[in-house]
$ cat model.cif   # mmCIF, C-alpha atoms and all ligand atoms
data_target
loop_
_atom_site.group_PDB
_atom_site.id
_atom_site.type_symbol
_atom_site.label_atom_id
_atom_site.label_comp_id
_atom_site.auth_asym_id
_atom_site.auth_seq_id
_atom_site.Cartn_x
_atom_site.Cartn_y
_atom_site.Cartn_z
ATOM 1 C CA MET A 1 14.824 88.528 47.665
ATOM 2 C CA HIS A 2 11.825 89.532 49.705
ATOM 3 C CA LYS A 3 8.819 90.119 47.523
ATOM 4 C CA ILE A 4 7.360 93.497 48.277
ATOM 5 C CA ASP A 5 3.909 92.761 46.856
ATOM 6 C CA GLU A 6 3.397 89.844 49.264
ATOM 7 C CA LYS A 7 4.767 91.783 52.190
ATOM 8 C CA LEU A 8 2.599 94.789 51.377
ATOM 9 C CA ALA A 9 -0.498 92.571 51.203
ATOM 10 C CA ASN A 10 0.382 91.213 54.629
ATOM 11 C CA VAL A 11 0.916 94.669 56.169
ATOM 12 C CA THR A 12 -2.309 95.926 54.607
ATOM 13 C CA ALA A 13 -4.217 92.955 56.025
ATOM 14 C CA ARG A 14 -2.738 93.581 59.480
ATOM 15 C CA LEU A 15 -3.748 97.244 59.308
ATOM 16 C CA GLN A 16 -7.245 96.267 58.207
ATOM 17 C CA ARG A 17 -7.648 93.765 61.053
ATOM 18 C CA ALA A 18 -6.271 96.180 63.623
ATOM 19 C CA ALA A 19 -8.566 98.964 62.395
ATOM 20 C CA ASP A 20 -11.575 96.631 62.466
ATOM 21 C CA SER A 21 -10.929 95.487 65.988
ATOM 22 C CA ALA A 22 -10.384 99.079 67.159
ATOM 23 C CA GLY A 23 -13.591 100.193 65.427
ATOM 24 C CA ARG A 24 -11.607 102.542 63.193
ATOM 25 C CA ASP A 25 -11.645 103.257 59.470
ATOM 26 C CA GLU A 26 -8.493 101.901 57.849
ATOM 27 C CA ALA A 27 -8.555 104.884 55.478
ATOM 28 C CA ASP A 28 -7.659 107.111 58.428
ATOM 29 C CA ILE A 29 -4.270 105.426 58.771
ATOM 30 C CA THR A 30 -1.512 106.391 56.337
ATOM 31 C CA LEU A 31 1.249 103.926 55.557
ATOM 32 C CA ILE A 32 4.790 105.271 55.223
ATOM 33 C CA ALA A 33 7.270 102.847 53.661
ATOM 34 C CA VAL A 34 10.545 103.332 55.528
ATOM 35 C CA SER A 35 13.175 102.857 52.848
ATOM 36 C CA LYS A 36 16.401 103.717 54.681
ATOM 37 C CA THR A 37 19.246 101.448 53.521
ATOM 38 C CA GLN A 38 17.100 100.146 50.627
ATOM 39 C CA SER A 39 18.320 100.771 47.091
ATOM 40 C CA ALA A 40 16.608 103.041 44.591
ATOM 41 C CA ALA A 41 15.698 99.889 42.649
ATOM 42 C CA ARG A 42 13.863 98.486 45.690
ATOM 43 C CA ILE A 43 11.995 101.753 46.126
ATOM 44 C CA ARG A 44 11.003 101.635 42.469
ATOM 45 C CA GLU A 45 9.701 98.109 43.022
ATOM 46 C CA ALA A 46 7.694 99.320 46.009
ATOM 47 C CA TYR A 47 6.354 102.184 43.910
ATOM 48 C CA GLU A 48 5.209 99.697 41.296
ATOM 49 C CA CYS A 49 3.301 97.885 44.061
ATOM 50 C CA GLY A 50 1.396 101.122 44.651
ATOM 51 C CA LEU A 51 3.370 102.709 47.494
ATOM 52 C CA ARG A 52 3.817 106.479 47.191
ATOM 53 C CA ARG A 53 5.027 107.689 50.602
ATOM 54 C CA PHE A 54 8.573 106.907 51.636
ATOM 55 C CA GLY A 55 10.465 107.683 54.841
ATOM 56 C CA GLU A 56 14.221 108.240 54.894
ATOM 57 C CA ASN A 57 16.610 108.734 57.821
ATOM 58 C CA TYR A 58 19.962 109.563 56.268
ATOM 59 C CA LEU A 59 20.085 112.751 54.235
ATOM 60 C CA GLN A 60 22.897 112.005 51.802
ATOM 61 C CA GLU A 61 21.560 108.556 51.022
ATOM 62 C CA ALA A 62 18.059 109.963 50.534
ATOM 63 C CA LEU A 63 19.176 112.728 48.158
ATOM 64 C CA GLU A 64 21.042 110.247 45.980
ATOM 65 C CA LYS A 65 18.004 108.007 45.703
ATOM 66 C CA GLN A 66 15.711 110.957 45.021
ATOM 67 C CA THR A 67 17.917 111.895 42.076
ATOM 68 C CA GLU A 68 17.743 108.358 40.699
ATOM 69 C CA LEU A 69 13.980 108.285 41.148
ATOM 70 C CA ALA A 70 13.268 111.790 39.867
ATOM 71 C CA ASP A 71 10.966 110.370 37.167
ATOM 72 C CA LEU A 72 8.573 109.136 39.900
ATOM 73 C CA SER A 73 7.346 112.645 40.520
ATOM 74 C CA ASP A 74 4.375 111.752 42.717
ATOM 75 C CA ILE A 75 6.466 110.196 45.499
ATOM 76 C CA GLU A 76 5.924 111.989 48.809
ATOM 77 C CA TRP A 77 9.215 111.992 50.741
ATOM 78 C CA HIS A 78 9.219 112.085 54.546
ATOM 79 C CA PHE A 79 12.382 112.864 56.491
ATOM 80 C CA ILE A 80 12.294 110.810 59.714
ATOM 81 C CA GLY A 81 15.906 110.846 60.949
ATOM 82 C CA PRO A 82 17.636 113.239 63.350
ATOM 83 C CA ILE A 83 17.918 116.760 61.862
ATOM 84 C CA GLN A 84 21.052 118.781 62.599
ATOM 85 C CA SER A 85 21.188 122.465 61.668
ATOM 86 C CA ASN A 86 23.421 121.833 58.691
ATOM 87 C CA LYS A 87 20.786 119.544 57.152
ATOM 88 C CA THR A 88 17.781 121.828 57.340
ATOM 89 C CA ARG A 89 18.232 123.453 53.945
ATOM 90 C CA ALA A 90 18.279 120.158 52.056
ATOM 91 C CA VAL A 91 15.343 118.832 54.081
ATOM 92 C CA ALA A 92 13.373 122.014 53.367
ATOM 93 C CA GLU A 93 14.154 121.799 49.667
ATOM 94 C CA HIS A 94 13.710 118.091 48.994
ATOM 95 C CA PHE A 95 11.022 116.693 51.300
ATOM 96 C CA ALA A 96 7.272 117.118 51.701
ATOM 97 C CA TRP A 97 7.402 116.241 55.408
ATOM 98 C CA ALA A 98 9.908 116.440 58.251
ATOM 99 C CA GLN A 99 8.647 114.196 61.047
ATOM 100 C CA SER A 100 11.592 114.514 63.408
ATOM 101 C CA VAL A 101 11.634 118.189 64.372
ATOM 102 C CA ASP A 102 12.793 118.301 67.974
ATOM 103 C CA ARG A 103 13.666 121.943 68.718
ATOM 104 C CA LEU A 104 12.607 125.436 67.764
ATOM 105 C CA LYS A 105 15.854 126.366 66.046
ATOM 106 C CA ILE A 106 15.336 123.524 63.561
ATOM 107 C CA ALA A 107 11.711 124.490 62.927
ATOM 108 C CA GLN A 108 12.735 128.118 62.328
ATOM 109 C CA ARG A 109 15.443 127.153 59.873
ATOM 110 C CA LEU A 110 13.083 124.818 57.997
ATOM 111 C CA SER A 111 10.535 127.618 57.705
ATOM 112 C CA ASP A 112 13.172 130.163 56.617
ATOM 113 C CA GLN A 113 14.703 127.809 54.084
ATOM 114 C CA ARG A 114 11.537 126.359 52.554
ATOM 115 C CA PRO A 115 11.514 127.467 48.904
ATOM 116 C CA SER A 116 8.617 129.796 48.099
ATOM 117 C CA SER A 117 7.879 127.719 45.001
ATOM 118 C CA LEU A 118 6.791 124.813 47.234
ATOM 119 C CA PRO A 119 3.800 124.489 49.574
ATOM 120 C CA PRO A 120 4.637 124.815 53.288
ATOM 121 C CA LEU A 121 6.693 121.943 54.701
ATOM 122 C CA ASN A 122 4.588 119.550 56.781
ATOM 123 C CA ILE A 123 6.211 118.905 60.124
ATOM 124 C CA CYS A 124 5.691 116.684 63.134
ATOM 125 C CA LEU A 125 7.308 117.384 66.475
ATOM 126 C CA GLN A 126 9.229 114.381 67.717
ATOM 127 C CA VAL A 127 8.494 113.569 71.345
ATOM 128 C CA ASN A 128 10.937 111.582 73.462
ATOM 129 C CA ILE A 129 8.013 109.842 75.076
ATOM 130 C CA ASP A 130 10.021 107.491 77.293
ATOM 131 C CA ASN A 131 12.661 110.109 78.189
ATOM 132 C CA GLU A 132 15.467 108.009 76.783
ATOM 133 C CA GLN A 133 18.987 109.444 76.817
ATOM 134 C CA SER A 134 19.760 107.912 73.442
ATOM 135 C CA LYS A 135 16.810 109.401 71.590
ATOM 136 C CA SER A 136 16.089 112.842 70.278
ATOM 137 C CA GLY A 137 12.778 114.524 70.834
ATOM 138 C CA THR A 138 11.191 117.162 72.979
ATOM 139 C CA SER A 139 9.794 116.372 76.418
ATOM 140 C CA LEU A 140 6.074 116.474 77.092
ATOM 141 C CA SER A 141 6.570 119.408 79.447
ATOM 142 C CA GLU A 142 8.263 121.524 76.762
ATOM 143 C CA LEU A 143 5.803 120.494 74.069
ATOM 144 C CA PRO A 144 2.990 123.082 74.471
ATOM 145 C CA GLU A 145 5.293 126.108 74.205
ATOM 146 C CA PHE A 146 7.348 124.526 71.418
ATOM 147 C CA ALA A 147 4.178 123.781 69.422
ATOM 148 C CA ARG A 148 2.815 127.279 69.978
ATOM 149 C CA GLN A 149 6.006 128.810 68.593
ATOM 150 C CA CYS A 150 6.067 126.439 65.603
ATOM 151 C CA ALA A 151 2.454 127.289 64.791
ATOM 152 C CA SER A 152 3.429 130.889 64.128
ATOM 153 C CA LEU A 153 6.149 130.080 61.579
ATOM 154 C CA PRO A 154 5.029 130.987 58.053
ATOM 155 C CA ASN A 155 6.413 128.266 55.781
ATOM 156 C CA ILE A 156 5.689 125.134 57.783
ATOM 157 C CA THR A 157 2.432 123.397 58.655
ATOM 158 C CA LEU A 158 2.361 121.785 62.071
ATOM 159 C CA ARG A 159 0.675 118.460 61.333
ATOM 160 C CA GLY A 160 1.192 116.709 64.659
ATOM 161 C CA LEU A 161 3.476 114.514 66.724
ATOM 162 C CA MET A 162 5.865 111.631 66.104
ATOM 163 C CA ALA A 163 7.438 109.187 68.524
ATOM 164 C CA ILE A 164 9.665 106.141 68.615
ATOM 165 C CA PRO A 165 8.806 104.576 71.991
ATOM 166 C CA ALA A 166 11.264 102.425 73.896
ATOM 167 C CA LYS A 167 11.170 98.760 72.977
ATOM 168 C CA ALA A 168 8.632 96.971 75.137
ATOM 169 C CA ASP A 169 8.260 93.243 75.694
ATOM 170 C CA THR A 170 4.502 93.163 75.544
ATOM 171 C CA PRO A 171 1.753 95.093 73.777
ATOM 172 C CA GLU A 172 0.495 96.158 77.209
ATOM 173 C CA ALA A 173 3.837 97.767 77.996
ATOM 174 C CA GLN A 174 3.904 99.483 74.594
ATOM 175 C CA ARG A 175 0.406 100.809 75.075
ATOM 176 C CA GLY A 176 1.468 103.227 77.815
ATOM 177 C CA ALA A 177 3.706 105.293 75.546
ATOM 178 C CA PHE A 178 1.221 105.288 72.668
ATOM 179 C CA THR A 179 -1.593 106.366 74.945
ATOM 180 C CA ARG A 180 0.481 109.235 76.363
ATOM 181 C CA MET A 181 1.130 110.397 72.784
ATOM 182 C CA HIS A 182 -2.557 110.279 71.912
ATOM 183 C CA THR A 183 -3.401 112.302 75.004
ATOM 184 C CA ALA A 184 -0.623 114.807 74.280
ATOM 185 C CA LEU A 185 -1.976 115.463 70.772
ATOM 186 C CA ASN A 186 -5.509 115.945 72.075
ATOM 187 C CA GLU A 187 -4.276 118.360 74.726
ATOM 188 C CA LEU A 188 -2.359 120.348 72.130
ATOM 189 C CA LYS A 189 -5.437 120.606 69.943
ATOM 190 C CA GLN A 190 -7.307 122.055 72.887
ATOM 191 C CA SER A 191 -4.607 124.461 73.960
ATOM 192 C CA LEU A 192 -3.842 125.785 70.468
ATOM 193 C CA GLY A 193 -7.511 125.797 69.571
ATOM 194 C CA GLY A 194 -8.684 126.956 66.167
ATOM 195 C CA ASP A 195 -6.477 130.049 66.214
ATOM 196 C CA HIS A 196 -3.723 128.570 64.117
ATOM 197 C CA PRO A 197 -4.610 127.830 60.505
ATOM 198 C CA ASN A 198 -1.146 126.389 59.909
ATOM 199 C CA ALA A 199 -1.403 123.913 62.790
ATOM 200 C CA PRO A 200 -4.140 121.396 61.895
ATOM 201 C CA LEU A 201 -2.660 118.813 64.298
ATOM 202 C CA ASP A 202 -4.255 115.973 62.396
ATOM 203 C CA THR A 203 -1.344 113.543 62.526
ATOM 204 C CA LEU A 204 -0.102 111.090 65.114
ATOM 205 C CA SER A 205 2.889 109.267 63.629
ATOM 206 C CA MET A 206 3.596 106.136 65.631
ATOM 207 C CA GLY A 207 3.762 102.394 65.062
ATOM 208 C CA MET A 208 6.482 100.404 63.260
ATOM 209 C CA SER A 209 6.739 96.802 62.033
ATOM 210 C CA ALA A 210 6.660 95.218 65.471
ATOM 211 C CA ASP A 211 3.907 97.256 67.066
ATOM 212 C CA LEU A 212 1.577 98.553 64.377
ATOM 213 C CA GLU A 213 -1.483 96.792 65.843
ATOM 214 C CA THR A 214 -1.023 98.420 69.229
ATOM 215 C CA ALA A 215 -0.452 101.805 67.607
ATOM 216 C CA VAL A 216 -3.661 101.491 65.589
ATOM 217 C CA ASP A 217 -5.555 100.580 68.726
ATOM 218 C CA CYS A 218 -4.102 103.654 70.472
ATOM 219 C CA GLY A 219 -5.098 106.117 67.751
ATOM 220 C CA THR A 220 -2.189 106.377 65.330
ATOM 221 C CA THR A 221 -2.889 108.068 61.991
ATOM 222 C CA MET A 222 0.466 107.273 60.371
ATOM 223 C CA VAL A 223 2.481 104.070 60.676
ATOM 224 C CA ARG A 224 6.103 103.880 59.537
ATOM 225 C CA ILE A 225 6.965 100.395 58.298
ATOM 226 C CA GLY A 226 10.404 99.291 57.105
ATOM 227 C CA THR A 227 11.306 95.685 57.878
ATOM 228 C CA ASP A 228 7.881 94.205 57.244
ATOM 229 C CA LEU A 229 7.721 95.759 53.761
ATOM 230 C CA PHE A 230 11.293 95.409 52.523
ATOM 231 C CA GLY A 231 12.730 92.621 54.679
ATOM 232 C CA PRO A 232 15.572 93.024 57.166
ATOM 233 C CA ARG A 233 18.018 95.887 56.652
ATOM 234 C CA THR A 234 21.531 94.795 55.830
ATOM 235 C CA TYR A 235 23.642 97.844 56.573
ATOM 236 C CA LYS A 236 23.669 100.981 58.696
ATOM 237 C CA GLU A 237 21.193 99.707 61.268
ATOM 238 C CA ASP A 238 19.103 102.224 63.164
ATOM 239 C CA THR A 239 21.368 104.836 64.620
ATOM 240 C CA GLN A 240 18.911 105.872 67.234
HETATM 241 C C1 LIG B 301 13.706 102.537 60.841
HETATM 242 C C2 LIG B 301 12.558 103.348 61.307
HETATM 243 C C3 LIG B 301 11.235 102.861 61.185
HETATM 244 C C4 LIG B 301 10.872 101.494 60.624
HETATM 245 O O1 LIG B 301 11.171 100.483 61.523
HETATM 246 P P1 LIG B 301 10.804 98.952 61.210
HETATM 247 O O2 LIG B 301 10.892 98.323 62.534
HETATM 248 O O3 LIG B 301 11.834 98.462 60.253
HETATM 249 O O4 LIG B 301 9.439 98.919 60.639
HETATM 250 C C5 LIG B 301 10.213 103.705 61.581
HETATM 251 N N1 LIG B 301 10.446 104.947 62.084
HETATM 252 C C6 LIG B 301 11.692 105.428 62.228
HETATM 253 C C7 LIG B 301 11.888 106.790 62.774
HETATM 254 C C8 LIG B 301 12.784 104.641 61.846
HETATM 255 O O5 LIG B 301 14.019 105.139 62.019
#
$ encode --input "model.cif" --output "structure tokens" --more "lines below"
Ligand SMILES: *Cc1c(COP(=O)(O)O)cnc(C)c1O
Amino acid sequence: MHKIDEKLANVTARLQRAADSAGRDEADITLIAVSKTQSAARIREAYECGLRRFGENYLQEALEKQTELADLSDIEWHFIGPIQSNKTRAVAEHFAWAQSVDRLKIAQRLSDQRPSSLPPLNICLQVNIDNEQSKSGTSLSELPEFARQCASLPNITLRGLMAIPAKADTPEAQRGAFTRMHTALNELKQSLGGDHPNAPLDTLSMGMSADLETAVDCGTTMVRIGTDLFGPRTYKEDTQ
């Protein structure tokens, strides 16, 4: 069994080193533990190591684990998998964040279906930064209008952008996609300006186990780490 405390110490040290060498404050980078395919018991173990933010890709699996872990009431759940229309209600009701919003219809449904007893749902717009057929996400050209429309929806807060870049063989190759994301977020901040109180655009969610250092160097504010915290996944490998 992979020991989460040792793995977490290693990831934290990598983040610290990467932040240092980029001249950034490590406190500006949030760690999301990606717990898809991991059991509720493993998530509890991770919680006991101090982790509080968990990312899930598969709705049914996530809801079952949330029920088992209901006593851990300060967990912040992030939905990071593809969102079809028939999933929006459960995402709106059971998550604090939806990072994989890729079209207006989904954003509208999430806003409509967010319970009034909860604060607005935090969302990121997923960008298909390498224009891959197999991946969801909006294109950079559609992004400004999409973001503008999301910013006017009442029950969501537009926190920023998320991407899963194509696999690259070298950090240099990976850097291109991350840099385009950083630029895209800065451009959105300028174009939306201060007119939208529910669009702080303070989040750039990028960087996974293999490329967190490059992501930190390119300005990420949120890394999503699965394998390097929990060990390799043993079933239902990434569907996208
Ligand atoms: C699985 C997944 C991750 C984590 O990937 P690792 O390589 O295991 O760290 C991050 N983000 C998304 C959207 C994922 O689906």
$ resolve_selection --input "model.cif" --expression "the PyMOL selection byres (((chain A and resi 54-62) around 8) and not hetatm)" --output "PyMOL selection string"
chain A and resi 32-37+51-53+63-66+75-82+87+90-91+224
$ write_last_selection --input "model.cif" --atoms "C-alpha atoms" --output "PDB file, in the frame of the given file"
ATOM      1  CA  ILE A  32       4.790 105.271  55.223  1.00  0.00           C
ATOM      2  CA  ALA A  33       7.270 102.847  53.661  1.00  0.00           C
ATOM      3  CA  VAL A  34      10.545 103.332  55.528  1.00  0.00           C
ATOM      4  CA  SER A  35      13.175 102.857  52.848  1.00  0.00           C
ATOM      5  CA  LYS A  36      16.401 103.717  54.681  1.00  0.00           C
ATOM      6  CA  THR A  37      19.246 101.448  53.521  1.00  0.00           C
ATOM      7  CA  LEU A  51       3.370 102.709  47.494  1.00  0.00           C
ATOM      8  CA  ARG A  52       3.817 106.479  47.191  1.00  0.00           C
ATOM      9  CA  ARG A  53       5.027 107.689  50.602  1.00  0.00           C
ATOM     10  CA  LEU A  63      19.176 112.728  48.158  1.00  0.00           C
ATOM     11  CA  GLU A  64      21.042 110.247  45.980  1.00  0.00           C
ATOM     12  CA  LYS A  65      18.004 108.007  45.703  1.00  0.00           C
ATOM     13  CA  GLN A  66      15.711 110.957  45.021  1.00  0.00           C
ATOM     14  CA  ILE A  75       6.466 110.196  45.499  1.00  0.00           C
ATOM     15  CA  GLU A  76       5.924 111.989  48.809  1.00  0.00           C
ATOM     16  CA  TRP A  77       9.215 111.992  50.741  1.00  0.00           C
ATOM     17  CA  HIS A  78       9.219 112.085  54.546  1.00  0.00           C
ATOM     18  CA  PHE A  79      12.382 112.864  56.491  1.00  0.00           C
ATOM     19  CA  ILE A  80      12.294 110.810  59.714  1.00  0.00           C
ATOM     20  CA  GLY A  81      15.906 110.846  60.949  1.00  0.00           C
ATOM     21  CA  PRO A  82      17.636 113.239  63.350  1.00  0.00           C
ATOM     22  CA  LYS A  87      20.786 119.544  57.152  1.00  0.00           C
ATOM     23  CA  ALA A  90      18.279 120.158  52.056  1.00  0.00           C
ATOM     24  CA  VAL A  91      15.343 118.832  54.081  1.00  0.00           C
ATOM     25  CA  ARG A 224       6.103 103.880  59.537  1.00  0.00           C
TER      26      ARG A 224
END
$ atom_distance --input "model.cif" --atom1 "atom CA of His196 of chain A" --atom2 "atom CA of Ala215 of chain A"
27.2 Å
$ resolve_selection --input "model.cif" --expression "the PyMOL selection byres (((chain A and resi 191) around 12) and not hetatm)" --output "number ranges by chain"
A: 143-145, 147-148, 151, 184-190, 192-196, 199, 201
$ resolve_selection --input "model.cif" --expression "the PyMOL selection byres (((chain A and resi 211) around 10) and not hetatm)" --output "short mmCIF file (atom, residue, chain, number, x, y, z; two decimals) with C-alpha atoms, in the coordinates of the input"
data_model
loop_
_atom_site.label_atom_id
_atom_site.label_comp_id
_atom_site.auth_asym_id
_atom_site.auth_seq_id
_atom_site.Cartn_x
_atom_site.Cartn_y
_atom_site.Cartn_z
CA LYS A 167 11.17 98.76 72.98
CA ALA A 168 8.63 96.97 75.14
CA THR A 170 4.50 93.16 75.54
CA PRO A 171 1.75 95.09 73.78
CA GLN A 174 3.90 99.48 74.59
CA ARG A 175 0.41 100.81 75.08
CA MET A 206 3.60 106.14 65.63
CA GLY A 207 3.76 102.39 65.06
CA MET A 208 6.48 100.40 63.26
CA SER A 209 6.74 96.80 62.03
CA ALA A 210 6.66 95.22 65.47
CA LEU A 212 1.58 98.55 64.38
CA GLU A 213 -1.48 96.79 65.84
CA THR A 214 -1.02 98.42 69.23
CA ALA A 215 -0.45 101.80 67.61
CA VAL A 216 -3.66 101.49 65.59
CA VAL A 223 2.48 104.07 60.68
CA ILE A 225 6.96 100.40 58.30
#
$ axis_aligned_box --input "model.cif" --around "ligand LIG 301 (chain B)" --padding-each-side "8 Å" --output "lines of an AutoDock Vina configuration file"
center_x = 11.7
center_y = 102.6
center_z = 61.5
size_x = 20.6
size_y = 24.5
size_z = 18.5
$ decode --input "model.cif" --residues "segment 109-120 of chain A" --atoms "N, CA, C and O atoms" --output "mmCIF file, in the first residue's frame"
data_model
loop_
_atom_site.group_PDB
_atom_site.id
_atom_site.type_symbol
_atom_site.label_atom_id
_atom_site.label_comp_id
_atom_site.auth_asym_id
_atom_site.auth_seq_id
_atom_site.Cartn_x
_atom_site.Cartn_y
_atom_site.Cartn_z
ATOM 1 N N ARG A 109 -27.460 25.542 -16.551
ATOM 2 C CA ARG A 109 -28.144 24.536 -15.722
ATOM 3 C C ARG A 109 -27.559 24.505 -14.312
ATOM 4 O O ARG A 109 -28.285 24.392 -13.335
ATOM 5 N N LEU A 110 -26.236 24.602 -14.210
ATOM 6 C CA LEU A 110 -25.607 24.601 -12.876
ATOM 7 C C LEU A 110 -26.098 25.788 -12.057
ATOM 8 O O LEU A 110 -26.399 25.666 -10.868
ATOM 9 N N SER A 111 -26.204 26.941 -12.694
ATOM 10 C CA SER A 111 -26.686 28.132 -11.987
ATOM 11 C C SER A 111 -28.154 27.950 -11.575
ATOM 12 O O SER A 111 -28.531 28.208 -10.430
ATOM 13 N N ASP A 112 -28.974 27.461 -12.511
ATOM 14 C CA ASP A 112 -30.400 27.258 -12.212
ATOM 15 C C ASP A 112 -30.605 26.245 -11.091
ATOM 16 O O ASP A 112 -31.534 26.369 -10.295
ATOM 17 N N GLN A 113 -29.760 25.237 -11.063
ATOM 18 C CA GLN A 113 -29.998 24.103 -10.166
ATOM 19 C C GLN A 113 -29.224 24.205 -8.850
ATOM 20 O O GLN A 113 -29.370 23.346 -7.982
ATOM 21 N N ARG A 114 -28.410 25.234 -8.697
ATOM 22 C CA ARG A 114 -27.673 25.391 -7.444
ATOM 23 C C ARG A 114 -28.661 25.706 -6.321
ATOM 24 O O ARG A 114 -29.413 26.695 -6.416
ATOM 25 N N PRO A 115 -28.670 24.910 -5.260
ATOM 26 C CA PRO A 115 -29.629 25.167 -4.179
ATOM 27 C C PRO A 115 -29.383 26.530 -3.534
ATOM 28 O O PRO A 115 -28.228 26.920 -3.328
ATOM 29 N N SER A 116 -30.464 27.230 -3.190
ATOM 30 C CA SER A 116 -30.300 28.578 -2.637
ATOM 31 C C SER A 116 -29.716 28.533 -1.227
ATOM 32 O O SER A 116 -29.217 29.535 -0.717
ATOM 33 N N SER A 117 -29.732 27.351 -0.610
ATOM 34 C CA SER A 117 -29.146 27.226 0.725
ATOM 35 C C SER A 117 -27.616 27.197 0.688
ATOM 36 O O SER A 117 -26.958 27.301 1.719
ATOM 37 N N LEU A 118 -27.042 27.040 -0.511
ATOM 38 C CA LEU A 118 -25.582 26.953 -0.632
ATOM 39 C C LEU A 118 -25.029 28.234 -1.258
ATOM 40 O O LEU A 118 -25.726 28.922 -1.997
ATOM 41 N N PRO A 119 -23.736 28.550 -0.977
ATOM 42 C CA PRO A 119 -23.128 29.675 -1.681
ATOM 43 C C PRO A 119 -23.048 29.365 -3.171
ATOM 44 O O PRO A 119 -23.199 28.206 -3.572
ATOM 45 N N PRO A 120 -22.818 30.374 -4.022
ATOM 46 C CA PRO A 120 -22.729 30.095 -5.458
ATOM 47 C C PRO A 120 -21.689 29.003 -5.744
ATOM 48 O O PRO A 120 -20.711 28.873 -5.017
#
